[in-house]
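Source file: final-v1.cif; contents: mmCIF, C-alpha atoms.
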data_work
loop_
_atom_site.group_PDB
_atom_site.id
_atom_site.type_symbol
_atom_site.label_atom_id
_atom_site.label_comp_id
_atom_site.auth_asym_id
_atom_site.auth_seq_id
_atom_site.Cartn_x
_atom_site.Cartn_y
_atom_site.Cartn_z
ATOM 1 C CA MET A 11 89.514 130.102 131.999
ATOM 2 C CA ALA A 12 89.923 126.359 131.620
ATOM 3 C CA THR A 13 87.970 124.131 133.943
ATOM 4 C CA ARG A 14 89.768 121.705 136.238
ATOM 5 C CA TYR A 15 89.080 118.672 134.039
ATOM 6 C CA GLU A 16 90.365 120.594 130.990
ATOM 7 C CA GLN A 17 93.548 121.462 132.884
ATOM 8 C CA ILE A 18 94.093 117.810 133.785
ATOM 9 C CA ALA A 19 93.418 116.722 130.211
ATOM 10 C CA ALA A 20 95.917 119.315 128.956
ATOM 11 C CA ASP A 21 98.565 118.086 131.389
ATOM 12 C CA LEU A 22 98.113 114.443 130.398
ATOM 13 C CA ARG A 23 98.002 115.411 126.714
ATOM 14 C CA GLN A 24 101.378 117.153 127.041
ATOM 15 C CA LEU A 25 102.879 114.128 128.783
ATOM 16 C CA ILE A 26 101.611 111.907 125.967
ATOM 17 C CA ASN A 27 102.748 114.186 123.138
ATOM 18 C CA THR A 28 106.231 114.703 124.605
ATOM 19 C CA GLY A 29 106.727 110.984 125.131
ATOM 20 C CA ALA A 30 106.875 111.216 128.902
ATOM 21 C CA LEU A 31 104.100 108.631 128.885
ATOM 22 C CA ALA A 32 104.873 105.825 126.470
ATOM 23 C CA HIS A 33 102.288 104.564 124.010
ATOM 24 C CA GLY A 34 100.708 101.277 124.973
ATOM 25 C CA ILE A 35 101.111 101.557 128.721
ATOM 26 C CA ARG A 36 98.226 101.279 131.110
ATOM 27 C CA LEU A 37 97.535 104.405 133.116
ATOM 28 C CA PRO A 38 97.217 104.216 136.894
ATOM 29 C CA ALA A 39 93.752 103.500 138.234
ATOM 30 C CA GLU A 40 91.279 106.366 137.971
ATOM 31 C CA THR A 41 91.116 106.620 141.783
ATOM 32 C CA SER A 42 94.902 106.971 141.937
ATOM 33 C CA LEU A 43 94.901 109.656 139.244
ATOM 34 C CA ALA A 44 92.110 111.526 141.017
ATOM 35 C CA LYS A 45 94.150 111.482 144.218
ATOM 36 C CA ARG A 46 97.270 112.634 142.349
ATOM 37 C CA TYR A 47 95.422 115.613 140.856
ATOM 38 C CA ASN A 48 93.466 116.232 144.048
ATOM 39 C CA VAL A 49 90.067 116.079 142.361
ATOM 40 C CA GLY A 50 86.961 113.981 142.626
ATOM 41 C CA LEU A 51 86.480 110.845 140.548
ATOM 42 C CA PRO A 52 83.823 112.444 138.248
ATOM 43 C CA THR A 53 86.260 115.240 137.315
ATOM 44 C CA MET A 54 89.040 112.762 136.641
ATOM 45 C CA ARG A 55 86.800 110.610 134.482
ATOM 46 C CA ARG A 56 85.694 113.616 132.458
ATOM 47 C CA ALA A 57 89.339 114.493 131.763
ATOM 48 C CA LEU A 58 90.025 110.929 130.619
ATOM 49 C CA GLU A 59 86.892 110.941 128.455
ATOM 50 C CA THR A 60 88.215 114.066 126.739
ATOM 51 C CA LEU A 61 91.440 112.267 125.823
ATOM 52 C CA GLN A 62 89.484 109.202 124.768
ATOM 53 C CA THR A 63 87.419 111.331 122.384
ATOM 54 C CA GLU A 64 90.670 112.684 120.913
ATOM 55 C CA GLY A 65 91.863 109.129 120.305
ATOM 56 C CA LEU A 66 94.775 109.377 122.749
ATOM 57 C CA ILE A 67 93.610 106.740 125.215
ATOM 58 C CA ASP A 68 91.477 103.643 125.032
ATOM 59 C CA LYS A 69 89.253 102.657 127.942
ATOM 60 C CA ARG A 70 88.920 98.892 128.085
ATOM 61 C CA HIS A 71 86.153 97.530 130.250
ATOM 62 C CA GLY A 72 87.570 95.738 133.254
ATOM 63 C CA ALA A 73 91.174 96.428 132.224
ATOM 64 C CA GLY A 74 91.707 100.191 132.580
ATOM 65 C CA ASN A 75 92.872 103.090 130.420
ATOM 66 C CA PHE A 76 95.648 102.528 127.873
ATOM 67 C CA LEU A 77 97.643 105.059 125.882
ATOM 68 C CA LEU A 78 97.277 104.751 122.127
ATOM 69 C CA GLY A 79 99.694 105.540 119.361
ATOM 70 C CA LYS A 80 98.549 107.424 116.299
ATOM 71 C CA ARG A 81 95.409 105.639 115.210
ATOM 72 C CA ARG A 82 95.232 104.377 111.666
ATOM 73 C CA HIS A 83 92.189 105.485 109.766
ATOM 74 C CA LEU A 84 90.331 103.093 107.517
ATOM 75 C CA ASP A 85 88.981 104.631 104.312
ATOM 76 C CA TYR A 86 85.451 103.770 103.270
ATOM 77 C CA THR A 87 85.544 104.560 99.544
ATOM 78 C CA ASN A 88 82.542 104.683 97.255
ATOM 79 C CA ASP A 89 84.506 103.388 94.267
ATOM 80 C CA ARG A 90 85.955 100.275 95.926
ATOM 81 C CA CYS A 91 83.834 97.974 93.716
ATOM 82 C CA ARG A 92 83.957 100.054 90.537
ATOM 83 C CA ALA A 93 86.277 97.590 88.816
ATOM 84 C CA GLY A 94 83.834 94.768 89.347
ATOM 85 C CA VAL A 95 80.411 96.381 89.237
ATOM 86 C CA GLU A 96 79.104 98.637 86.492
ATOM 87 C CA ALA A 97 75.510 99.443 85.609
ATOM 88 C CA GLY A 98 73.968 96.635 83.607
ATOM 89 C CA VAL A 99 77.147 94.566 83.489
ATOM 90 C CA ARG A 100 77.510 91.253 85.304
ATOM 91 C CA VAL A 101 80.245 91.240 87.908
ATOM 92 C CA SER A 102 83.231 89.481 86.406
ATOM 93 C CA ALA A 103 85.946 90.560 88.804
ATOM 94 C CA ARG A 104 86.124 90.185 92.542
ATOM 95 C CA PRO A 105 85.566 93.451 94.404
ATOM 96 C CA ASN A 106 88.674 95.297 95.457
ATOM 97 C CA PRO A 107 87.731 96.246 99.045
ATOM 98 C CA SER A 108 89.493 98.984 100.963
ATOM 99 C CA ALA A 109 90.530 96.589 103.694
ATOM 100 C CA GLN A 110 94.105 97.168 104.832
ATOM 101 C CA PRO A 111 96.563 94.364 105.620
ATOM 102 C CA ASP A 112 96.345 95.021 109.363
ATOM 103 C CA VAL A 113 92.547 94.874 109.557
ATOM 104 C CA HIS A 114 91.025 91.831 111.206
ATOM 105 C CA VAL A 115 87.577 90.890 109.890
ATOM 106 C CA MET A 116 85.148 88.408 111.423
ATOM 107 C CA MET A 117 81.885 87.244 109.847
ATOM 108 C CA SER A 118 78.889 85.265 111.012
ATOM 109 C CA CYS A 119 75.779 84.107 109.159
ATOM 110 C CA GLU A 120 72.337 83.245 110.450
ATOM 111 C CA GLU A 121 68.849 82.767 109.114
ATOM 112 C CA ALA A 122 66.295 85.487 109.817
ATOM 113 C CA THR A 123 62.919 86.730 108.668
ATOM 114 C CA ALA A 124 61.963 90.162 107.379
ATOM 115 C CA GLY A 125 60.214 92.352 109.888
ATOM 116 C CA ALA A 126 58.171 95.363 108.854
ATOM 117 C CA VAL A 127 61.165 97.682 108.333
ATOM 118 C CA LEU A 128 63.310 95.219 106.376
ATOM 119 C CA ALA A 129 60.321 94.042 104.348
ATOM 120 C CA GLU A 130 59.650 97.623 103.249
ATOM 121 C CA ARG A 131 63.307 98.251 102.413
ATOM 122 C CA MET A 132 63.557 95.080 100.344
ATOM 123 C CA GLY A 133 60.125 95.264 98.726
ATOM 124 C CA ALA A 134 59.256 91.892 100.253
ATOM 125 C CA GLU A 135 56.489 90.559 102.438
ATOM 126 C CA GLU A 136 56.846 90.404 106.199
ATOM 127 C CA GLY A 137 58.141 87.038 107.273
ATOM 128 C CA THR A 138 60.153 86.493 104.083
ATOM 129 C CA PRO A 139 63.177 84.253 104.866
ATOM 130 C CA LEU A 140 66.480 86.140 104.854
ATOM 131 C CA LEU A 141 70.136 85.517 105.509
ATOM 132 C CA ARG A 142 71.724 87.929 107.961
ATOM 133 C CA PHE A 143 75.476 88.443 107.740
ATOM 134 C CA VAL A 144 77.313 90.256 110.519
ATOM 135 C CA TYR A 145 80.797 91.632 109.872
ATOM 136 C CA GLY A 146 83.088 93.057 112.520
ATOM 137 C CA ALA A 147 86.320 94.843 111.610
ATOM 138 C CA SER A 148 89.066 95.876 114.020
ATOM 139 C CA ASP A 149 92.681 96.972 114.003
ATOM 140 C CA ALA A 150 94.798 93.828 114.181
ATOM 141 C CA ALA A 151 97.417 95.667 116.247
ATOM 142 C CA ASP A 152 95.351 96.956 119.160
ATOM 143 C CA ALA A 153 91.910 95.373 118.538
ATOM 144 C CA SER A 154 90.247 98.797 118.247
ATOM 145 C CA PRO A 155 86.923 98.263 116.423
ATOM 146 C CA TYR A 156 86.447 100.045 113.112
ATOM 147 C CA SER A 157 82.970 98.989 112.084
ATOM 148 C CA VAL A 158 80.115 96.534 112.281
ATOM 149 C CA VAL A 159 77.920 95.644 109.307
ATOM 150 C CA TYR A 160 74.556 93.899 109.231
ATOM 151 C CA SER A 161 73.839 92.719 105.688
ATOM 152 C CA TYR A 162 70.589 91.057 104.534
ATOM 153 C CA VAL A 163 69.891 89.056 101.392
ATOM 154 C CA LEU A 164 66.921 86.902 100.395
ATOM 155 C CA ARG A 165 67.337 83.339 101.630
ATOM 156 C CA SER A 166 66.099 82.035 98.270
ATOM 157 C CA MET A 167 68.986 83.687 96.421
ATOM 158 C CA VAL A 168 71.991 82.416 98.359
ATOM 159 C CA ASP A 169 72.932 79.034 99.822
ATOM 160 C CA PRO A 170 74.319 79.649 103.337
ATOM 161 C CA LEU A 171 76.348 76.429 103.157
ATOM 162 C CA GLN A 172 78.338 77.938 100.285
ATOM 163 C CA VAL A 173 79.028 81.324 101.821
ATOM 164 C CA SER A 174 79.101 80.936 105.596
ATOM 165 C CA THR A 175 82.799 80.028 105.553
ATOM 166 C CA VAL A 176 83.815 82.426 102.764
ATOM 167 C CA LEU A 177 85.363 85.751 103.704
ATOM 168 C CA ASP A 178 86.913 88.195 101.245
ATOM 169 C CA GLY A 179 88.603 90.394 103.827
ATOM 170 C CA SER A 180 86.337 93.387 103.255
ATOM 171 C CA PRO A 181 85.193 95.112 106.461
ATOM 172 C CA TRP A 182 82.114 96.334 104.586
ATOM 173 C CA GLY A 183 80.600 92.962 103.710
ATOM 174 C CA ASP A 184 81.179 93.340 99.958
ATOM 175 C CA ALA A 185 81.295 89.578 99.379
ATOM 176 C CA TYR A 186 77.539 89.603 98.689
ATOM 177 C CA LEU A 187 78.322 91.099 95.264
ATOM 178 C CA ASN A 188 80.006 87.875 94.212
ATOM 179 C CA TRP A 189 77.525 85.557 95.891
ATOM 180 C CA LEU A 190 74.592 87.198 94.133
ATOM 181 C CA THR A 191 76.429 87.477 90.831
ATOM 182 C CA ASP A 192 77.154 83.753 91.012
ATOM 183 C CA ALA A 193 73.416 83.284 91.556
ATOM 184 C CA GLY A 194 72.714 85.119 88.275
ATOM 185 C CA VAL A 195 72.029 88.628 89.559
ATOM 186 C CA THR A 196 73.003 91.578 87.343
ATOM 187 C CA PHE A 197 73.556 94.704 89.421
ATOM 188 C CA ASP A 198 72.397 98.130 88.320
ATOM 189 C CA HIS A 199 73.479 100.396 91.155
ATOM 190 C CA ILE A 200 74.150 100.665 94.883
ATOM 191 C CA GLU A 201 72.706 103.499 96.931
ATOM 192 C CA GLU A 202 74.379 104.479 100.205
ATOM 193 C CA ARG A 203 72.907 107.022 102.578
ATOM 194 C CA VAL A 204 75.464 108.326 105.085
ATOM 195 C CA THR A 205 74.489 109.962 108.371
ATOM 196 C CA ALA A 206 76.789 111.299 111.085
ATOM 197 C CA ARG A 207 75.219 111.041 114.511
ATOM 198 C CA VAL A 208 75.842 110.418 118.185
ATOM 199 C CA PRO A 209 75.794 106.667 118.864
ATOM 200 C CA ARG A 210 73.344 104.939 121.130
ATOM 201 C CA MET A 211 74.771 103.561 124.350
ATOM 202 C CA GLU A 212 75.023 99.995 123.047
ATOM 203 C CA GLU A 213 76.630 101.213 119.808
ATOM 204 C CA ALA A 214 79.279 103.216 121.662
ATOM 205 C CA LYS A 215 80.037 100.156 123.780
ATOM 206 C CA LEU A 216 80.271 97.942 120.685
ATOM 207 C CA LEU A 217 82.694 100.299 118.904
ATOM 208 C CA ARG A 218 84.462 101.298 122.140
ATOM 209 C CA THR A 219 84.077 104.993 121.436
ATOM 210 C CA ALA A 220 84.079 107.729 124.042
ATOM 211 C CA PRO A 221 80.788 109.390 124.977
ATOM 212 C CA GLY A 222 79.908 111.991 122.369
ATOM 213 C CA THR A 223 82.205 110.599 119.684
ATOM 214 C CA PRO A 224 80.130 110.509 116.482
ATOM 215 C CA VAL A 225 79.606 107.484 114.300
ATOM 216 C CA LEU A 226 79.010 107.204 110.575
ATOM 217 C CA ALA A 227 75.813 105.283 109.919
ATOM 218 C CA VAL A 228 75.387 104.009 106.356
ATOM 219 C CA GLN A 229 72.236 102.443 104.960
ATOM 220 C CA ARG A 230 73.124 100.490 101.834
ATOM 221 C CA THR A 231 70.633 99.332 99.198
ATOM 222 C CA SER A 232 71.733 97.224 96.220
ATOM 223 C CA ILE A 233 69.481 97.248 93.128
ATOM 224 C CA ASP A 234 69.539 94.758 90.277
ATOM 225 C CA ALA A 235 68.941 95.437 86.579
ATOM 226 C CA ARG A 236 65.193 94.848 87.000
ATOM 227 C CA GLY A 237 64.885 97.429 89.756
ATOM 228 C CA ASN A 238 64.612 94.919 92.594
ATOM 229 C CA VAL A 239 66.360 95.301 95.938
ATOM 230 C CA VAL A 240 68.664 92.295 96.274
ATOM 231 C CA GLU A 241 70.614 93.327 99.368
ATOM 232 C CA THR A 242 70.348 95.890 102.110
ATOM 233 C CA ALA A 243 72.730 96.635 104.945
ATOM 234 C CA ASP A 244 73.118 98.764 108.031
ATOM 235 C CA MET A 245 76.705 99.828 108.582
ATOM 236 C CA LEU A 246 78.077 101.501 111.679
ATOM 237 C CA MET A 247 81.569 103.033 111.649
ATOM 238 C CA ALA A 248 83.611 104.661 114.403
ATOM 239 C CA GLY A 249 83.820 108.329 113.465
ATOM 240 C CA ASP A 250 87.296 108.741 114.967
ATOM 241 C CA ARG A 251 88.761 105.790 113.021
ATOM 242 C CA VAL A 252 86.954 105.652 109.676
ATOM 243 C CA SER A 253 86.929 108.285 106.942
ATOM 244 C CA ALA A 254 84.273 108.265 104.222
ATOM 245 C CA VAL A 255 85.989 109.012 100.910
ATOM 246 C CA PHE A 256 83.858 109.849 97.868
ATOM 247 C CA ILE A 257 85.517 109.716 94.465
ATOM 248 C CA THR A 258 83.773 111.210 91.447
ATOM 249 C CA PRO A 259 85.478 110.501 88.103
ATOM 250 C CA LEU A 260 85.360 113.679 86.004
ATOM 251 C CA SER A 261 86.850 112.123 82.896
ATOM 252 C CA GLU A 262 83.342 110.963 81.948
ATOM 253 C CA VAL A 263 81.799 114.425 82.333
ATOM 254 C CA GLY A 264 81.176 115.999 78.933
ATOM 255 C CA ALA A 265 82.470 112.907 77.123
ATOM 256 C CA ASP A 266 79.342 112.830 74.940
#

Write out the structure in this file as C-alpha cells.
Amino acid sequence: MATRYEQIAADLRQLINTGALAHGIRLPAETSLAKRYNVGLPTMRRALETLQTEGLIDKRHGAGNFLLGKRRHLDYTNDRCRAGVEAGVRVSARPNPSAQPDVHVMMSCEEATAGAVLAERMGAEEGTPLLRFVYGASDAADASPYSVVYSYVLRSMVDPLQVSTVLDGSPWGDAYLNWLTDAGVTFDHIEERVTARVPRMEEAKLLRTAPGTPVLAVQRTSIDARGNVVETADMLMAGDRVSAVFITPLSEVGAD
C-alpha cells in the first residue's frame, strides 16, 4: 500500500501530466499544500522531493517550487573532439563540443598552486603554479544547471591574459585543447573515468538536484605525445539532465 507522501506525489503527478497544473507556474507554499492535503510539513516535503527527483518540479531557494516542462538532456559524448584531436597529430581544427544552442556557459580563470592530490595527478611538485578554470553550464531557458567543471593546466604553458576572455561555448571546458595546441603541445590521448554517485550536500545545492539524485563525476586526464599530463579536470554533471554517450567506431576494427 502506498504511503501518504507517495499518494500525494501521485496526485500532483497526475495533475501535472494531464495539464491541470501548467508548466512554469509556482506551486502554493509548502505549508498551504500540507494544509490542503491534511498532512504534516515533513510528509509534504517528501512528496515534493519525489517529484523533484523525477524532474517534474524545481525547488528554488527562497522562491518556492516551480513546475518544469520536459527537461532537455545534454549529451556528454566521448567523440566530441575526434575531428580535432587524434593520437600523435597536432590539433588543427577547433573542437566540436556537444554544447546545444540553448546552453548558457560561464567561465572564470584564477591562479592556483598544486596541492598534494593535483601534484600527483599531474606528475608535478607540490606548489607548482597552475591555472584553474571553472566552467558552469545551465539551460538558457530555465537556468537549470547542467554541470560544473574545474580544469587545471600548468601556469607555465598558458598565458591567462590570452585565454581568460576566450570561451568556445563548450560546457566541458574543451577550450584547453586549443590553448595548449597553440602553445606547441601534441596530444596523445585523453582518459576519462566516469563514476555515478550520490552528490555531497554542497554539490546537490550547486546543481540544484533533489536529495538522492545521482551525479556523474568525471575525472579527466589529458596526455601529450611524450606521456606527460598537460591538463586534468574534475567534472560534475547532474544525473537527471546529462547523459554520457560513448561512441566506438567499428569501421576501424579488423581494418589491418

Residues selected by the PyMOL selection byres ((chain A and resi 112-126) around 8), written as number ranges by chain: A: 109-111, 127-130, 134-151, 165, 170, 174, 177, 179-181

Expected selection from the PyMOL selection byres ((chain A and resi 61) around 10), given as a list of chain:residue names: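 Applied to this file, the PyMOL selection byres ((chain A and resi 61) around 10) returns A:Glu16, A:Ala19, A:Ala20, A:Leu22, A:Arg23, A:Arg55, A:Arg56, A:Ala57, A:Leu58, A:Glu59, A:Thr60, A:Gln62, A:Thr63, A:Glu64, A:Gly65, A:Leu66, A:Ile67, A:Asp68, A:Leu77, A:Ala220.
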
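Residues captured in this structure file are His83, Leu84, Asp85, Tyr86, Thr87, Asn88, Asp89, Val204, Leu226, Met247, Ala248, Gly249, Asp250, Arg251, Val252, Thr258 and Pro259 of chain A, according to the PyMOL selection byres ((chain A and resi 253-257) around 9).
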
Closest of A:Val195, A:Val173, A:Val158, A:Ala185 to Val228 (chain A) - atom-to-atom distances counting only C-alpha atoms: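 Among the listed residues, A:Val158 lies closest to Val228 (chain A).
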
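CA of Gly34 (chain A) is positioned 15.9 Å from CA of His71 (chain A).
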
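For the pair CA of Met11 (chain A) and CA of Ala44 (chain A), the interatomic distance is 20.8 Å.
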
Separation of CA of Ile26 (chain A) from CA of Ala39 (chain A), in Å and rounded to one decimal: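 Between CA of Ile26 (chain A) and CA of Ala39 (chain A) the gap is 16.8 Å.
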
Neighbour list for Ala193 (chain A) as a PyMOL selection string, cut-off 8 Å, all atoms listed in the file, skip fewer than 2 positions in-chain: chain A and resi 167-168+189-191+195

Would you output that residue set with C-alpha atoms, as a PDB file, in the frame of the given file?
ATOM      1  CA  MET A 167      68.986  83.687  96.421  1.00  0.00           C
ATOM      2  CA  VAL A 168      71.991  82.416  98.359  1.00  0.00           C
ATOM      3  CA  TRP A 189      77.525  85.557  95.891  1.00  0.00           C
ATOM      4  CA  LEU A 190      74.592  87.198  94.133  1.00  0.00           C
ATOM      5  CA  THR A 191      76.429  87.477  90.831  1.00  0.00           C
ATOM      6  CA  VAL A 195      72.029  88.628  89.559  1.00  0.00           C
TER       7      VAL A 195
END

Quick one: axis-aligned box around all listed atoms of region 38-42 of chain A, 4 Å on every side, centre and edge lengths in Å to one decimal, written as lines of an AutoDock Vina configuration file.
center_x = 94.2
center_y = 105.2
center_z = 139.4
size_x = 14.1
size_y = 11.5
size_z = 13.0
